[in-house]
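Note: the block below is upload04.cif and it holds mmCIF, C-alpha atoms.
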```cif
data_coords
loop_
_atom_site.group_PDB
_atom_site.id
_atom_site.type_symbol
_atom_site.label_atom_id
_atom_site.label_comp_id
_atom_site.auth_asym_id
_atom_site.auth_seq_id
_atom_site.Cartn_x
_atom_site.Cartn_y
_atom_site.Cartn_z
ATOM 1 C CA MET A 207 10.265 104.827 137.107
ATOM 2 C CA THR A 208 11.455 107.813 139.071
ATOM 3 C CA GLN A 209 13.427 110.674 137.628
ATOM 4 C CA SER A 210 16.703 109.509 139.135
ATOM 5 C CA ASP A 211 16.215 105.937 137.831
ATOM 6 C CA PHE A 212 15.455 107.374 134.454
ATOM 7 C CA LEU A 213 18.533 109.572 134.423
ATOM 8 C CA LYS A 214 20.697 106.694 135.561
ATOM 9 C CA SER A 215 19.576 104.573 132.636
ATOM 10 C CA VAL A 216 19.689 107.191 129.863
ATOM 11 C CA LEU A 217 22.329 109.759 130.743
ATOM 12 C CA PRO A 218 25.382 107.538 130.157
ATOM 13 C CA PHE A 219 24.814 107.547 126.402
ATOM 14 C CA LYS A 220 23.780 111.181 125.908
ATOM 15 C CA ASP A 221 27.051 111.990 124.148
ATOM 16 C CA LYS A 222 26.597 109.075 121.786
ATOM 17 C CA VAL A 223 23.133 110.322 120.904
ATOM 18 C CA PHE A 224 24.534 113.785 120.368
ATOM 19 C CA ARG A 225 27.387 112.566 118.164
ATOM 20 C CA LEU A 226 25.074 110.443 116.041
ATOM 21 C CA ALA A 227 22.696 113.375 115.640
ATOM 22 C CA LYS A 228 25.573 115.609 114.679
ATOM 23 C CA ARG A 229 26.826 113.094 112.145
ATOM 24 C CA LEU A 230 23.471 113.194 110.409
ATOM 25 C CA LEU A 231 22.423 116.815 110.928
ATOM 26 C CA VAL A 232 25.953 118.275 110.567
ATOM 27 C CA SER A 233 25.408 121.414 112.632
ATOM 28 C CA THR A 234 26.167 121.393 116.363
ATOM 29 C CA GLU A 235 23.108 123.489 117.252
ATOM 30 C CA GLU A 236 20.796 121.192 115.325
ATOM 31 C CA ALA A 237 22.322 118.186 117.054
ATOM 32 C CA GLU A 238 21.901 119.798 120.494
ATOM 33 C CA ASP A 239 18.249 120.542 119.783
ATOM 34 C CA ALA A 240 17.714 117.021 118.515
ATOM 35 C CA THR A 241 19.307 115.489 121.606
ATOM 36 C CA GLN A 242 17.147 117.653 123.854
ATOM 37 C CA GLU A 243 14.037 116.685 121.923
ATOM 38 C CA LEU A 244 14.916 112.990 122.064
ATOM 39 C CA TYR A 245 15.379 113.096 125.810
ATOM 40 C CA PHE A 246 11.945 114.713 126.174
ATOM 41 C CA LYS A 247 10.557 111.858 124.144
ATOM 42 C CA LEU A 248 12.345 109.261 126.245
ATOM 43 C CA TRP A 249 11.128 110.932 129.428
ATOM 44 C CA ARG A 250 7.559 111.002 128.172
ATOM 45 C CA ASN A 251 7.774 107.294 127.317
ATOM 46 C CA LYS A 252 9.576 106.380 130.518
ATOM 47 C CA GLU A 253 6.982 103.768 131.444
ATOM 48 C CA LYS A 254 7.658 101.873 128.236
ATOM 49 C CA LEU A 255 11.442 102.055 128.631
ATOM 50 C CA ALA A 256 11.414 99.345 131.282
ATOM 51 C CA GLU A 257 10.111 96.901 128.680
ATOM 52 C CA TYR A 258 13.147 97.328 126.466
ATOM 53 C CA LYS A 259 16.061 95.070 127.208
ATOM 54 C CA ASN A 260 18.514 97.413 125.564
ATOM 55 C CA VAL A 261 17.507 101.006 126.208
ATOM 56 C CA GLU A 262 20.655 102.319 124.585
ATOM 57 C CA ALA A 263 20.011 100.539 121.283
ATOM 58 C CA PHE A 264 16.429 101.744 121.385
ATOM 59 C CA ALA A 265 17.590 105.316 121.931
ATOM 60 C CA MET A 266 20.034 105.111 119.028
ATOM 61 C CA THR A 267 17.281 103.841 116.729
ATOM 62 C CA MET A 268 15.073 106.721 117.873
ATOM 63 C CA THR A 269 17.892 109.164 117.205
ATOM 64 C CA LYS A 270 18.396 107.848 113.697
ATOM 65 C CA ASN A 271 14.687 108.012 112.871
ATOM 66 C CA TYR A 272 14.260 111.431 114.419
ATOM 67 C CA CYS A 273 17.198 112.879 112.472
ATOM 68 C CA PHE A 274 15.959 111.390 109.208
ATOM 69 C CA ASP A 275 12.544 112.968 109.786
ATOM 70 C CA ARG A 276 14.219 116.234 110.578
ATOM 71 C CA LEU A 277 16.299 116.103 107.412
ATOM 72 C CA LYS A 278 13.275 115.212 105.323
ATOM 73 C CA SER A 279 11.183 118.069 106.667
ATOM 74 C CA LYS A 280 13.942 120.595 106.359
ATOM 75 C CA GLN A 281 15.313 119.283 103.100
ATOM 76 C CA ALA A 282 18.618 120.488 104.471
ATOM 77 C CA SER A 283 17.651 123.997 103.398
ATOM 78 C CA ASN A 284 18.837 125.893 106.426
ATOM 79 C CA LEU A 285 21.430 123.440 107.558
ATOM 80 C CA THR A 286 24.883 124.838 107.372
ATOM 81 C CA LEU A 287 28.098 122.966 107.041
ATOM 82 C CA VAL A 288 30.063 123.408 110.210
ATOM 83 C CA HIS A 289 33.496 122.003 110.464
ATOM 84 C CA SER A 290 34.851 121.484 113.922
ATOM 85 C CA ASN A 291 38.176 122.833 114.896
ATOM 86 C CA TYR A 292 40.672 120.146 115.501
ATOM 87 C CA LYS A 293 42.948 120.989 118.334
ATOM 88 C CA GLU A 294 45.846 118.630 118.495
ATOM 89 C CA LYS A 295 48.607 118.745 121.020
ATOM 90 C CA GLY A 296 52.108 117.516 120.632
ATOM 91 C CA THR A 297 52.326 117.501 116.858
ATOM 92 C CA ALA A 298 55.362 119.157 115.372
ATOM 93 C CA LEU A 299 54.500 122.596 114.050
ATOM 94 C CA GLU A 300 55.410 122.001 110.414
ATOM 95 C CA LYS A 301 53.419 118.796 110.364
ATOM 96 C CA LYS A 302 50.422 120.345 112.048
ATOM 97 C CA LEU A 303 48.853 121.972 109.027
ATOM 98 C CA GLU A 304 49.031 118.970 106.792
ATOM 99 C CA TYR A 305 47.905 116.707 109.599
ATOM 100 C CA ARG A 306 44.893 118.800 110.494
ATOM 101 C CA ASP A 307 44.013 119.004 106.852
ATOM 102 C CA SER A 308 43.911 115.256 106.390
ATOM 103 C CA VAL A 309 41.978 114.701 109.622
ATOM 104 C CA SER A 310 39.238 117.149 108.668
ATOM 105 C CA GLN A 311 39.341 115.566 105.238
ATOM 106 C CA VAL A 312 38.082 112.362 106.857
ATOM 107 C CA HIS A 313 35.176 114.346 108.261
ATOM 108 C CA ARG A 314 34.208 115.562 104.812
ATOM 109 C CA LEU A 315 34.647 112.137 103.271
ATOM 110 C CA ILE A 316 32.278 110.601 105.802
ATOM 111 C CA GLU A 317 29.815 113.405 105.114
ATOM 112 C CA ASN A 318 29.737 112.392 101.481
ATOM 113 C CA LEU A 319 29.037 108.732 102.178
ATOM 114 C CA PRO A 320 25.540 107.278 101.687
ATOM 115 C CA GLU A 321 23.405 107.543 104.845
ATOM 116 C CA GLN A 322 23.656 103.882 105.774
ATOM 117 C CA GLN A 323 27.447 103.801 105.508
ATOM 118 C CA LYS A 324 27.662 107.049 107.440
ATOM 119 C CA LEU A 325 25.623 105.502 110.266
ATOM 120 C CA VAL A 326 27.582 102.276 110.270
ATOM 121 C CA ILE A 327 30.982 103.970 110.390
ATOM 122 C CA GLN A 328 29.788 106.265 113.175
ATOM 123 C CA LEU A 329 28.440 103.399 115.251
ATOM 124 C CA ARG A 330 31.401 101.085 114.696
ATOM 125 C CA ASP A 331 34.561 103.136 114.319
ATOM 126 C CA ILE A 332 33.605 105.940 116.666
ATOM 127 C CA GLU A 333 31.203 104.354 119.150
ATOM 128 C CA ASP A 334 32.640 100.801 119.083
ATOM 129 C CA TYR A 335 29.380 98.864 118.949
ATOM 130 C CA ASP A 336 29.453 95.269 117.717
ATOM 131 C CA PHE A 337 27.717 94.179 114.523
ATOM 132 C CA GLU A 338 24.863 92.550 116.402
ATOM 133 C CA GLU A 339 24.015 95.815 118.203
ATOM 134 C CA ILE A 340 24.381 97.950 115.088
ATOM 135 C CA GLY A 341 22.099 95.555 113.235
ATOM 136 C CA LYS A 342 19.460 95.974 115.936
ATOM 137 C CA MET A 343 19.782 99.753 115.923
ATOM 138 C CA LEU A 344 19.507 100.119 112.172
ATOM 139 C CA ASP A 345 17.190 97.182 111.594
ATOM 140 C CA LEU A 346 19.724 95.439 109.357
ATOM 141 C CA LYS A 347 21.261 91.987 109.275
ATOM 142 C CA PRO A 348 24.744 91.885 110.832
ATOM 143 C CA SER A 349 26.098 90.681 107.468
ATOM 144 C CA THR A 350 24.645 93.776 105.763
ATOM 145 C CA VAL A 351 26.270 95.943 108.402
ATOM 146 C CA ARG A 352 29.585 94.272 107.651
ATOM 147 C CA VAL A 353 29.328 94.873 103.908
ATOM 148 C CA SER A 354 28.318 98.480 104.443
ATOM 149 C CA LEU A 355 31.173 99.107 106.865
ATOM 150 C CA SER A 356 33.717 97.537 104.550
ATOM 151 C CA ARG A 357 32.579 99.762 101.680
ATOM 152 C CA ALA A 358 32.736 102.870 103.841
ATOM 153 C CA ARG A 359 36.240 102.102 105.108
ATOM 154 C CA LYS A 360 37.521 101.346 101.622
ATOM 155 C CA THR A 361 35.991 104.506 100.174
ATOM 156 C CA ILE A 362 37.534 106.713 102.843
ATOM 157 C CA ARG A 363 40.943 105.118 102.431
ATOM 158 C CA GLU A 364 40.909 105.337 98.630
ATOM 159 C CA GLU A 365 39.848 108.988 98.680
ATOM 160 C CA LEU A 366 42.567 109.838 101.178
ATOM 161 C CA ILE A 367 45.175 108.159 98.993
ATOM 162 C CA LYS A 368 43.873 109.989 95.942
ATOM 163 C CA GLN A 369 44.000 113.374 97.606
ATOM 164 C CA HIS A 370 47.288 113.082 99.400
ATOM 165 C CA ASN A 371 49.250 110.664 97.303
ATOM 166 C CA TYR A 372 49.783 108.618 100.412
ATOM 167 C CA GLY A 373 51.289 105.225 99.901
ATOM 168 C CA VAL A 374 52.746 106.170 96.532
ATOM 169 C CA ILE A 375 56.164 106.786 98.046
ATOM 170 C CA MET B 6 54.531 95.817 116.645
ATOM 171 C CA GLU B 7 55.724 94.127 113.446
ATOM 172 C CA LEU B 8 54.580 95.785 110.271
ATOM 173 C CA SER B 9 53.497 92.487 108.753
ATOM 174 C CA LYS B 10 50.997 91.980 111.539
ATOM 175 C CA ILE B 11 49.651 95.512 111.134
ATOM 176 C CA GLU B 12 49.373 94.951 107.434
ATOM 177 C CA SER B 13 47.323 91.787 107.782
ATOM 178 C CA LEU B 14 45.122 93.439 110.404
ATOM 179 C CA LEU B 15 44.545 96.364 108.053
ATOM 180 C CA GLU B 16 43.453 94.027 105.301
ATOM 181 C CA LYS B 17 40.951 92.442 107.639
ATOM 182 C CA TYR B 18 39.945 95.917 108.778
ATOM 183 C CA LEU B 19 39.072 96.996 105.245
ATOM 184 C CA ASN B 20 36.907 93.916 104.809
ATOM 185 C CA ALA B 21 35.262 94.681 108.148
ATOM 186 C CA GLU B 22 36.429 91.351 109.535
ATOM 187 C CA THR B 23 38.414 92.628 112.510
ATOM 188 C CA SER B 24 37.033 92.172 115.997
ATOM 189 C CA LEU B 25 36.639 95.128 118.332
ATOM 190 C CA GLN B 26 39.728 93.835 120.141
ATOM 191 C CA GLU B 27 41.812 93.887 116.966
ATOM 192 C CA GLU B 28 40.578 97.362 116.149
ATOM 193 C CA VAL B 29 41.834 98.552 119.537
ATOM 194 C CA THR B 30 45.267 97.153 118.604
ATOM 195 C CA LEU B 31 45.180 99.093 115.343
ATOM 196 C CA LYS B 32 44.007 102.226 117.065
ATOM 197 C CA ASN B 33 46.828 102.063 119.608
ATOM 198 C CA TYR B 34 49.353 101.647 116.835
ATOM 199 C CA PHE B 35 48.078 104.581 114.775
ATOM 200 C CA LEU B 36 47.741 106.902 117.717
ATOM 201 C CA SER B 37 51.265 106.143 118.942
ATOM 202 C CA GLY B 38 52.670 108.792 116.616
ATOM 203 C CA ASP B 39 55.185 106.371 115.142
ATOM 204 C CA VAL B 40 53.483 105.195 111.961
ATOM 205 C CA ALA B 41 55.183 103.646 108.944
ATOM 206 C CA PRO B 42 54.908 105.985 105.915
ATOM 207 C CA GLU B 43 53.018 103.440 103.810
ATOM 208 C CA PHE B 44 50.131 103.510 106.294
ATOM 209 C CA LYS B 45 49.822 107.286 106.663
ATOM 210 C CA GLU B 46 46.241 107.415 105.371
ATOM 211 C CA TYR B 47 45.088 105.200 108.243
ATOM 212 C CA GLU B 48 46.685 107.555 110.727
ATOM 213 C CA ALA B 49 44.332 110.314 109.573
ATOM 214 C CA MET B 50 41.354 107.978 109.837
ATOM 215 C CA PHE B 51 42.118 106.692 113.315
ATOM 216 C CA SER B 52 42.991 110.170 114.564
ATOM 217 C CA TYR B 53 39.702 111.447 113.294
ATOM 218 C CA PHE B 54 37.751 108.596 114.925
ATOM 219 C CA ASN B 55 39.541 109.135 118.189
ATOM 220 C CA HIS B 56 38.925 112.845 118.005
ATOM 221 C CA SER B 57 35.231 112.471 117.243
ATOM 222 C CA LYS B 58 34.777 110.138 120.160
ATOM 223 C CA ALA B 59 35.882 112.894 122.527
ATOM 224 C CA GLU B 60 33.153 115.271 121.463
ATOM 225 C CA THR B 61 30.487 115.750 124.121
ATOM 226 C CA LEU B 62 27.158 117.449 124.512
ATOM 227 C CA LYS B 63 27.829 120.886 126.001
ATOM 228 C CA THR B 64 24.302 122.042 126.752
ATOM 229 C CA PRO B 65 22.502 120.745 129.850
ATOM 230 C CA LEU B 66 19.485 118.528 129.246
ATOM 231 C CA GLN B 67 16.088 119.549 130.554
ATOM 232 C CA LEU B 68 13.325 117.092 131.207
ATOM 233 C CA ASN B 69 10.531 119.552 131.830
ATOM 234 C CA SER B 70 9.684 120.808 128.427
ATOM 235 C CA LYS B 71 9.205 124.524 127.951
ATOM 236 C CA LYS B 72 6.932 123.663 125.093
ATOM 237 C CA THR B 73 4.211 122.226 127.315
ATOM 238 C CA ASN B 74 4.288 125.461 129.346
ATOM 239 C CA TRP B 75 3.565 127.362 126.177
ATOM 240 C CA LYS B 76 0.737 124.991 125.378
ATOM 241 C CA TRP B 77 -0.864 125.630 128.769
ATOM 242 C CA LEU B 78 -0.353 129.337 128.360
ATOM 243 C CA SER B 79 -2.292 129.315 125.113
ATOM 244 C CA VAL B 80 -5.080 127.309 126.721
ATOM 245 C CA ALA B 81 -5.229 129.840 129.555
ATOM 246 C CA ALA B 82 -5.263 132.713 127.077
ATOM 247 C CA SER B 83 -8.137 131.242 125.097
ATOM 248 C CA VAL B 84 -10.127 130.615 128.283
ATOM 249 C CA ALA B 85 -9.530 134.224 129.359
ATOM 250 C CA LEU B 86 -10.661 135.418 125.943
ATOM 251 C CA LEU B 87 -13.851 133.336 126.113
ATOM 252 C CA VAL B 88 -14.672 134.575 129.612
ATOM 253 C CA SER B 89 -14.074 138.205 128.673
ATOM 254 C CA VAL B 90 -16.209 137.872 125.556
ATOM 255 C CA TYR B 91 -18.986 136.306 127.635
ATOM 256 C CA VAL B 92 -18.813 138.950 130.375
ATOM 257 C CA GLY B 93 -18.470 141.741 127.822
ATOM 258 C CA ASN B 94 -21.483 140.450 125.955
ATOM 259 C CA GLY B 95 -23.589 140.475 129.152
ATOM 260 C CA TYR B 96 -22.463 144.015 129.890
ATOM 261 C CA LEU B 97 -23.327 145.156 126.378
ATOM 262 C CA ALA B 98 -26.828 143.605 126.588
ATOM 263 C CA GLU B 99 -27.415 145.320 129.936
ATOM 264 C CA LYS B 100 -26.312 148.660 128.529
ATOM 265 C CA GLN B 101 -28.631 148.274 125.566
ATOM 266 C CA ALA B 102 -31.542 147.360 127.869
ATOM 267 C CA ARG B 103 -30.909 150.458 130.009
ATOM 268 C CA GLN B 104 -30.851 152.636 126.920
ATOM 269 C CA GLN B 105 -34.172 151.197 125.734
ATOM 270 C CA TYR B 106 -35.658 151.672 129.207
ATOM 271 C CA ALA B 107 -34.584 155.307 129.278
ATOM 272 C CA GLN B 108 -36.045 155.933 125.812
ATOM 273 C CA ILE B 109 -39.384 154.341 126.698
ATOM 274 C CA THR B 110 -39.553 156.222 129.990
ATOM 275 C CA SER B 111 -38.993 159.573 128.320
ATOM 276 C CA ALA B 112 -41.548 158.733 125.619
ATOM 277 C CA LEU B 113 -44.141 157.796 128.244
ATOM 278 C CA GLN B 114 -43.391 160.947 130.212
ATOM 279 C CA LEU B 115 -43.967 163.047 127.091
ATOM 280 C CA LEU B 116 -47.274 161.275 126.518
ATOM 281 C CA SER B 117 -48.439 161.734 130.082
ATOM 282 C CA SER B 118 -47.548 165.437 130.178
ATOM 283 C CA ASN B 119 -49.550 165.955 127.006
ATOM 284 C CA LEU B 120 -52.460 164.006 128.490
ATOM 285 C CA ASN B 121 -52.324 166.258 131.583
ATOM 286 C CA LYS B 122 -52.597 169.327 129.339
ATOM 287 C CA GLY B 123 -55.827 167.868 127.948
ATOM 288 C CA ASN B 124 -57.067 167.188 131.469
ATOM 289 C CA GLU B 125 -56.537 170.822 132.459
ATOM 290 C CA ALA B 126 -58.545 171.926 129.439
ATOM 291 C CA MET B 127 -61.322 169.530 130.473
ATOM 292 C CA ALA B 128 -61.305 171.042 133.998
ATOM 293 C CA ASN B 129 -62.047 174.423 132.424
ATOM 294 C CA LEU B 130 -64.962 172.854 130.576
ATOM 295 C CA TYR B 131 -66.414 171.510 133.841
ATOM 296 C CA VAL B 132 -66.233 174.998 135.419
ATOM 297 C CA TYR B 133 -68.057 176.344 132.367
ATOM 298 C CA GLU B 134 -70.755 173.705 132.622
ATOM 299 C CA ASP B 135 -71.298 174.393 136.339
ATOM 300 C CA THR B 136 -71.718 178.089 135.677
ATOM 301 C CA VAL B 137 -74.176 177.424 132.882
ATOM 302 C CA ASN B 138 -76.148 175.160 135.179
ATOM 303 C CA LYS B 139 -76.304 177.829 137.888
ATOM 304 C CA ILE B 140 -77.689 180.412 135.503
ATOM 305 C CA PHE B 141 -80.067 178.278 133.549
ATOM 306 C CA LYS B 142 -81.538 175.970 136.054
ATOM 307 C CA PRO B 143 -82.513 173.044 134.088
ATOM 308 C CA SER B 144 -86.147 172.192 134.432
ATOM 309 C CA LYS B 145 -86.877 168.799 135.545
#
```
Represent the structure from my file as structure tokens, please.
Amino acid sequence: MTQSDFLKSVLPFKDKVFRLAKRLLVSTEEAEDATQELYFKLWRNKEKLAEYKNVEAFAMTMTKNYCFDRLKSKQASNLTLVHSNYKEKGTALEKKLEYRDSVSQVHRLIENLPEQQKLVIQLRDIEDYDFEEIGKMLDLKPSTVRVSLSRARKTIREELIKQHNYGVI
Amino acid sequence: MELSKIESLLEKYLNAETSLQEEVTLKNYFLSGDVAPEFKEYEAMFSYFNHSKAETLKTPLQLNSKKTNWKWLSVAASVALLVSVYVGNGYLAEKQARQQYAQITSALQLLSSNLNKGNEAMANLYVYEDTVNKIFKPSK
């Protein structure tokens, strides 16, 4: 496998790897380092990559495992909570504050979910993978993925309603 | 889009029974900016998902690890250290040998000069013996 073949097969999902890493490691710098490290690993194992039918799923599994190891070894001691800035265009000024608040609220709510639900919501609602693929990535049955996703979605919705009195009107 | 349809889709969504296709329909509705007030919480969720999806890796990826360079550097450094210790050791041994040689040489020189003094004294004795022999011719 030459370098250009390799890049062609792994570069398309580099942002997905990065986003998954960031979901788990929280900080952008940590996620960038992790992505870099994972691509070294993929490059070193490039001969084996050809054997995998779904390189992308394999890479996502690697990302998950790598981030878990990272979290375990660091015990989250020097990880800082970094909240992204949400730049939204076209929202009316008076609405903007409240809107931004509830959007970043979702970020925090996902952060508080159990690891498995966090992964599932990232892979489904943000990356749009189907249950079969997510099951392969996380080594779970598709039915387990479904249950986990349903719980995560319900939790986020309920917390949002609690904090904003949405839907009470 | 009729609200009743959205409502039933949302119920399926919460049970994780919607297909990816149906989720696209929901997403389009909630990102349209015209959301019924009773579904406001979903607007925040779908906006957040949409927003997160747009985040990209900003740093360029490198395939040639800097780390391996450091590894080779340390190997090179240890080899250099070994070689210098070896060469230095040889030099030290040579220096010590030269010092010993110089010490022994000077000691031997001292000995030989003292021996020569003795020889000179002996030469005087021979002269004395000759003279004695001239005067008192020994009888055979």
Mind listing as a count of residues only which residues of chain A are within 8 Å of chain B, counting all atoms listed in the file? 35
Neighbours of point (21.0, 115.0, 119.0) within 8 Å, using all atoms listed in the file, written as a ChimeraX atom specification: /A:223-228,236-244,269,273
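For the atom pair formed by atom CA of Ala358 of chain A and atom CA of Leu344 of chain A, the distance is 15.9 Å, given to one decimal.
Take atom CA of Leu319 of chain A and atom CA of Arg229 of chain A: the distance between them is 11.1 Å.
Taking atom CA of Met207 of chain A as the reference point, atom CA of Leu255 of chain A is found at 9.0 Å.
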Could you add the missing atoms to segment 77-100 of chain B, up to N, CA and C atoms, and return them as an mmCIF file, in the frame of the given file?
```cif
data_model
loop_
_atom_site.group_PDB
_atom_site.id
_atom_site.type_symbol
_atom_site.label_atom_id
_atom_site.label_comp_id
_atom_site.auth_asym_id
_atom_site.auth_seq_id
_atom_site.Cartn_x
_atom_site.Cartn_y
_atom_site.Cartn_z
ATOM 1 N N TRP B 77 0.081 125.273 127.705
ATOM 2 C CA TRP B 77 -0.864 125.630 128.769
ATOM 3 C C TRP B 77 -1.161 127.113 128.761
ATOM 4 N N LEU B 78 -0.150 127.887 128.410
ATOM 5 C CA LEU B 78 -0.353 129.337 128.360
ATOM 6 C C LEU B 78 -1.399 129.668 127.310
ATOM 7 N N SER B 79 -1.339 129.021 126.173
ATOM 8 C CA SER B 79 -2.292 129.315 125.113
ATOM 9 C C SER B 79 -3.697 128.878 125.513
ATOM 10 N N VAL B 80 -3.768 127.757 126.226
ATOM 11 C CA VAL B 80 -5.080 127.309 126.721
ATOM 12 C C VAL B 80 -5.649 128.361 127.668
ATOM 13 N N ALA B 81 -4.795 128.830 128.589
ATOM 14 C CA ALA B 81 -5.229 129.840 129.555
ATOM 15 C C ALA B 81 -5.682 131.110 128.833
ATOM 16 N N ALA B 82 -4.933 131.497 127.810
ATOM 17 C CA ALA B 82 -5.263 132.713 127.077
ATOM 18 C C ALA B 82 -6.614 132.575 126.391
ATOM 19 N N SER B 83 -6.868 131.398 125.797
ATOM 20 C CA SER B 83 -8.137 131.242 125.097
ATOM 21 C C SER B 83 -9.308 131.213 126.082
ATOM 22 N N VAL B 84 -9.074 130.608 127.264
ATOM 23 C CA VAL B 84 -10.127 130.615 128.283
ATOM 24 C C VAL B 84 -10.430 132.045 128.711
ATOM 25 N N ALA B 85 -9.360 132.831 128.946
ATOM 26 C CA ALA B 85 -9.530 134.224 129.359
ATOM 27 C C ALA B 85 -10.302 134.996 128.296
ATOM 28 N N LEU B 86 -9.983 134.735 127.045
ATOM 29 C CA LEU B 86 -10.661 135.418 125.943
ATOM 30 C C LEU B 86 -12.149 135.075 125.954
ATOM 31 N N LEU B 87 -12.452 133.780 126.094
ATOM 32 C CA LEU B 87 -13.851 133.336 126.113
ATOM 33 C C LEU B 87 -14.617 134.012 127.234
ATOM 34 N N VAL B 88 -14.007 133.993 128.453
ATOM 35 C CA VAL B 88 -14.672 134.575 129.612
ATOM 36 C C VAL B 88 -14.925 136.053 129.378
ATOM 37 N N SER B 89 -13.910 136.764 128.847
ATOM 38 C CA SER B 89 -14.074 138.205 128.673
ATOM 39 C C SER B 89 -15.136 138.496 127.619
ATOM 40 N N VAL B 90 -15.177 137.673 126.580
ATOM 41 C CA VAL B 90 -16.209 137.872 125.556
ATOM 42 C C VAL B 90 -17.595 137.666 126.168
ATOM 43 N N TYR B 91 -17.700 136.612 126.997
ATOM 44 C CA TYR B 91 -18.986 136.306 127.635
ATOM 45 C C TYR B 91 -19.430 137.449 128.543
ATOM 46 N N VAL B 92 -18.508 137.872 129.432
ATOM 47 C CA VAL B 92 -18.813 138.950 130.375
ATOM 48 C C VAL B 92 -19.115 140.239 129.618
ATOM 49 N N GLY B 93 -18.306 140.524 128.619
ATOM 50 C CA GLY B 93 -18.470 141.741 127.822
ATOM 51 C C GLY B 93 -19.819 141.746 127.133
ATOM 52 N N ASN B 94 -20.198 140.575 126.624
ATOM 53 C CA ASN B 94 -21.483 140.450 125.955
ATOM 54 C C ASN B 94 -22.629 140.762 126.907
ATOM 55 N N GLY B 95 -22.568 140.229 128.133
ATOM 56 C CA GLY B 95 -23.589 140.475 129.152
ATOM 57 C C GLY B 95 -23.691 141.958 129.448
ATOM 58 N N TYR B 96 -22.515 142.599 129.570
ATOM 59 C CA TYR B 96 -22.463 144.015 129.890
ATOM 60 C C TYR B 96 -23.114 144.834 128.780
ATOM 61 N N LEU B 97 -22.790 144.444 127.540
ATOM 62 C CA LEU B 97 -23.327 145.156 126.378
ATOM 63 C C LEU B 97 -24.851 145.044 126.351
ATOM 64 N N ALA B 98 -25.378 143.826 126.602
ATOM 65 C CA ALA B 98 -26.828 143.605 126.588
ATOM 66 C C ALA B 98 -27.494 144.468 127.652
ATOM 67 N N GLU B 99 -26.846 144.542 128.849
ATOM 68 C CA GLU B 99 -27.415 145.320 129.936
ATOM 69 C C GLU B 99 -27.479 146.799 129.552
ATOM 70 N N LYS B 100 -26.382 147.261 128.917
ATOM 71 C CA LYS B 100 -26.312 148.660 128.529
ATOM 72 C C LYS B 100 -27.419 148.991 127.528
#
```
